[in-house]
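Take a look at the structure set out below.
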Amino acid sequence: MSICAIEPVRLALQKRGASDSWNLQLDKLSFDLDRPSGNKIRALDSVLSSYRDARTRRHLDQACRSQEGFRARLRAQFDTCYHEVCFVNHARLLMHLGRCSVLENVGLACERTSGLPTIPGTAVKGLVSTWACWEANQQPDGSLPTEIAPAAAQRSRFPSMAEWVLGSNDAGGSTSAGMVVFAGGCPLAPPNLTLDILTPHGSGDPKPNPFLAIEAGTMWVFPLLLRDRNPEARAALDLAARWLAEALQQVGIGAKTAAGYGRFRALKAA
């Protein structure tokens with residue numbers, strides 16, 4: 001049995017019934033590492049109780065308001081060089097599943113201080129980069145080649161403005177940054193978390209693997225902004241927004257997208 005916190009901390013958590021920092025509890029203060037999966041489920045149930053605690057929800061509500069204030073300042077500062085893409089995840093979402101934690105494959109991307117679940121900007125830019133590469137290598141019948149050669153994946157060879165939007169990805173090293181800054185995705189309200197289970201079926205007895213997931217139905221905003229205030233650069237912002245919208249709806253973001261996780265749909269005016 002591996003104890004991940006000293007005994008007084010464990011007793012304090014039991015007495016209080018929840019942790020003030022649910023993500024700290026997930027990353028550092030979950031117990032019974034290296035024990036059967038049933039113990040892992042009980043540890044995650046305890047983490048969920050902390051996340052759903054009224055005190056935690058107040059912290060998360062404040063974090064959402066702080067994020068909205070930050071976006072308002074970006075809108076005022078960048079004006080027409082700022083754009084928001086708003087979507088709702090209509091499938092469960094798994095972000096940063098391999099995040100460092102005392103429990104294997106249960107992590108979620110979240111703000112370190114507030115614990116608010118987020119979608120990192122690196123993940124958003126990576127998704128857009130992949131989509132731009134696929135678009136550039138699409139064959140006349142709409143299909144993709146079975147393998148995309150490294151040379152064909154260099155943005156400088158794309159017929160689109162991918163290198164302008166995303167920056168250089170030359171094999172010899174990056175020579176320029178992209179015009180568009182991807183600030184990641186933030187929920188408009190604290191999302192609901194749930195316990196999900198994957199049961200691999202291979203040789204030997206199947207072992208259920210529990211993990212945390214963001215429930216469907218959360219509204220997200222993805223801010224994009226331009227480094228250059230030149231009005232002509234607006235085309236790069238519009239292209240990045242289109243690629244992001246298409247990729248979120250057609251491919252999804254995060255882990256296990258091939259199994260249907262991480263899919264989004266656009267918000268309607270209503």
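Letters for chains follow the order of the structure tokens (A, B, ...), residue numbers begin at 1 for each chain, and ligand numbers begin at 1 in the order shown.
Contact shell of A:Val124 at 8 Å (only C-alpha atoms; same-chain neighbours under 6 positions omitted): Phe182, Gly184, Gly185, Leu244 and Ile253 of chain A.
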Selection export as a PDB file, in the first residue's frame, atoms kept: N, CA and C atoms:
```
ATOM      1  N   PHE A 182      -3.424  31.211 -29.472  1.00  0.00           N
ATOM      2  CA  PHE A 182      -4.521  30.350 -29.031  1.00  0.00           C
ATOM      3  C   PHE A 182      -4.515  30.328 -27.504  1.00  0.00           C
ATOM      4  N   GLY A 184      -6.570  28.894 -25.477  1.00  0.00           N
ATOM      5  CA  GLY A 184      -7.186  27.726 -24.849  1.00  0.00           C
ATOM      6  C   GLY A 184      -8.686  27.867 -24.760  1.00  0.00           C
ATOM      7  N   GLY A 185      -9.303  26.952 -24.042  1.00  0.00           N
ATOM      8  CA  GLY A 185     -10.757  26.974 -23.871  1.00  0.00           C
ATOM      9  C   GLY A 185     -11.109  27.054 -22.399  1.00  0.00           C
ATOM     10  N   LEU A 244     -10.563  25.789 -36.382  1.00  0.00           N
ATOM     11  CA  LEU A 244     -10.898  25.324 -35.044  1.00  0.00           C
ATOM     12  C   LEU A 244     -12.330  24.813 -34.988  1.00  0.00           C
ATOM     13  N   ILE A 253     -11.515  16.980 -29.536  1.00  0.00           N
ATOM     14  CA  ILE A 253     -10.263  17.334 -28.878  1.00  0.00           C
ATOM     15  C   ILE A 253     -10.122  16.519 -27.603  1.00  0.00           C
TER      16      ILE A 253
END
```
Set the distance at 10 Å and use only C-alpha atoms: which residues neighbour stretch 227-242 of chain A once local chain neighbours fewer than 6 positions away are removed? I'd like the list as a count of residues only.
25
At a cut-off of 12 Å, can you tabulate as CSV every residue of stretch 158-194 of chain A near stretch 203-212 of chain A together with its closest atom pair and the distance in Å to one decimal, using only C-alpha atoms and ordering rows by chain then number?
```
residue,atom,partner,partner_atom,distance
A:Asn192,CA,A:Leu212,CA,10.4
A:Leu193,CA,A:Leu212,CA,6.7
A:Thr194,CA,A:Leu212,CA,5.8
```
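Taking atom CA of A:Met219 and atom CA of A:Glu104 as the two end points, the separation is 27.8 Å.
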Run DSSP on the backbone and tell me which residues of stretch 101-242 of chain A come out as alpha helix (DSSP H); list them as a PyMOL selection string.
chain A and resi 121-136+162-166+234-242
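Straight-line separation from atom CA of A:Leu93 to atom CA of A:Leu24: 20.4 Å.
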If you run DSSP on this backbone, which residues of stretch 80-145 of chain A come out as strand (DSSP E), and could you give them as a PyMOL selection string?
chain A and resi 82-89
Considering only C-alpha atoms, return as number ranges by chain whatever protein or nucleic-acid residues lie within 12 Å of A:Thr218, sequence-local ones (same chain, fewer than 6 positions apart) excluded.
A: 86-93, 117-118, 185-193, 262-267
Atoms kept (N, CA and C atoms) for selection, written as a short mmCIF file (atom, residue, chain, number, x, y, z; two decimals), in the first residue's frame:
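After the write, part.cif holds the following:
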```cif
data_model
loop_
_atom_site.label_atom_id
_atom_site.label_comp_id
_atom_site.auth_asym_id
_atom_site.auth_seq_id
_atom_site.Cartn_x
_atom_site.Cartn_y
_atom_site.Cartn_z
N CYS A 86 -17.28 29.95 -29.76
CA CYS A 86 -18.06 29.38 -28.65
C CYS A 86 -18.71 28.06 -29.08
N PHE A 87 -18.50 27.02 -28.28
CA PHE A 87 -19.03 25.71 -28.58
C PHE A 87 -19.49 25.03 -27.29
N VAL A 88 -20.27 23.97 -27.46
CA VAL A 88 -20.69 23.14 -26.33
C VAL A 88 -20.26 21.71 -26.62
N ASN A 89 -19.68 21.03 -25.65
CA ASN A 89 -19.30 19.64 -25.88
C ASN A 89 -20.54 18.76 -25.75
N HIS A 90 -20.87 18.04 -26.83
CA HIS A 90 -22.05 17.17 -26.79
C HIS A 90 -21.66 15.72 -26.51
N ALA A 91 -20.40 15.50 -26.15
CA ALA A 91 -19.92 14.20 -25.69
C ALA A 91 -19.01 14.45 -24.49
N ARG A 92 -18.77 13.42 -23.74
CA ARG A 92 -17.86 13.57 -22.61
C ARG A 92 -16.48 13.98 -23.09
N LEU A 93 -15.78 14.73 -22.24
CA LEU A 93 -14.50 15.33 -22.63
C LEU A 93 -13.40 14.86 -21.69
N PRO A 117 -11.59 23.38 -14.45
CA PRO A 117 -11.22 22.60 -15.64
C PRO A 117 -11.13 23.49 -16.88
N THR A 118 -10.08 23.30 -17.66
CA THR A 118 -9.86 24.10 -18.86
C THR A 118 -9.37 23.20 -19.99
N GLY A 185 -9.30 26.95 -24.04
CA GLY A 185 -10.76 26.97 -23.87
C GLY A 185 -11.11 27.05 -22.40
N CYS A 186 -12.11 27.86 -22.08
CA CYS A 186 -12.54 28.03 -20.70
C CYS A 186 -14.06 27.86 -20.62
N PRO A 187 -14.56 27.14 -19.62
CA PRO A 187 -16.02 26.98 -19.50
C PRO A 187 -16.68 28.27 -19.03
N LEU A 188 -17.89 28.50 -19.51
CA LEU A 188 -18.63 29.68 -19.06
C LEU A 188 -19.19 29.48 -17.66
N ALA A 189 -19.32 28.23 -17.24
CA ALA A 189 -19.74 27.89 -15.89
C ALA A 189 -19.01 26.61 -15.51
N PRO A 190 -18.82 26.35 -14.22
CA PRO A 190 -18.09 25.14 -13.83
C PRO A 190 -18.74 23.89 -14.42
N PRO A 191 -17.99 23.08 -15.14
CA PRO A 191 -18.56 21.87 -15.74
C PRO A 191 -18.82 20.80 -14.70
N ASN A 192 -19.69 19.88 -15.05
CA ASN A 192 -19.94 18.74 -14.18
C ASN A 192 -18.96 17.62 -14.51
N LEU A 193 -18.43 17.00 -13.47
CA LEU A 193 -17.53 15.87 -13.64
C LEU A 193 -18.26 14.57 -13.33
N GLY A 262 -14.98 14.00 -26.68
CA GLY A 262 -14.41 15.28 -27.08
C GLY A 262 -15.05 15.96 -28.27
N ARG A 263 -16.26 15.55 -28.67
CA ARG A 263 -16.92 16.19 -29.83
C ARG A 263 -17.71 17.41 -29.38
N PHE A 264 -17.74 18.43 -30.24
CA PHE A 264 -18.40 19.70 -29.94
C PHE A 264 -19.42 20.04 -31.02
N ARG A 265 -20.34 20.91 -30.67
CA ARG A 265 -21.26 21.49 -31.65
C ARG A 265 -21.34 22.99 -31.38
N ALA A 266 -21.68 23.73 -32.44
CA ALA A 266 -21.74 25.18 -32.33
C ALA A 266 -22.95 25.62 -31.52
N LEU A 267 -22.80 26.73 -30.82
CA LEU A 267 -23.92 27.30 -30.07
C LEU A 267 -24.82 28.06 -31.02
#
```
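The space between atom CA of A:Thr113 and atom CA of A:Arg58 spans 13.8 Å.
Restricting the calculation to only C-alpha atoms, the smallest distance between A:Ser101 and any of A:Gln249, A:Phe158, A:Ser30, A:Thr257 is found for A:Ser30.
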Using only C-alpha atoms, which of the listed residues (A:Leu26, A:Ala136, A:Ala151, A:Leu44) sits closest to A:Gly115?
A:Leu26
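When only C-alpha atoms are used to measure the gap to A:Val106, the shortest distance among A:Thr199, A:Asn23, A:Ser66, A:Gln139 belongs to A:Asn23.
Using only C-alpha atoms, the nearest neighbour of A:Pro159 within the list A:Ser176, A:Gln62, A:Asn137, A:Thr146 is A:Asn137.
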I need the residue nearest A:Leu48 from this list: A:Cys133, A:Leu144, A:Ala72, A:Leu195. Use only C-alpha atoms for the distance.
A:Leu195
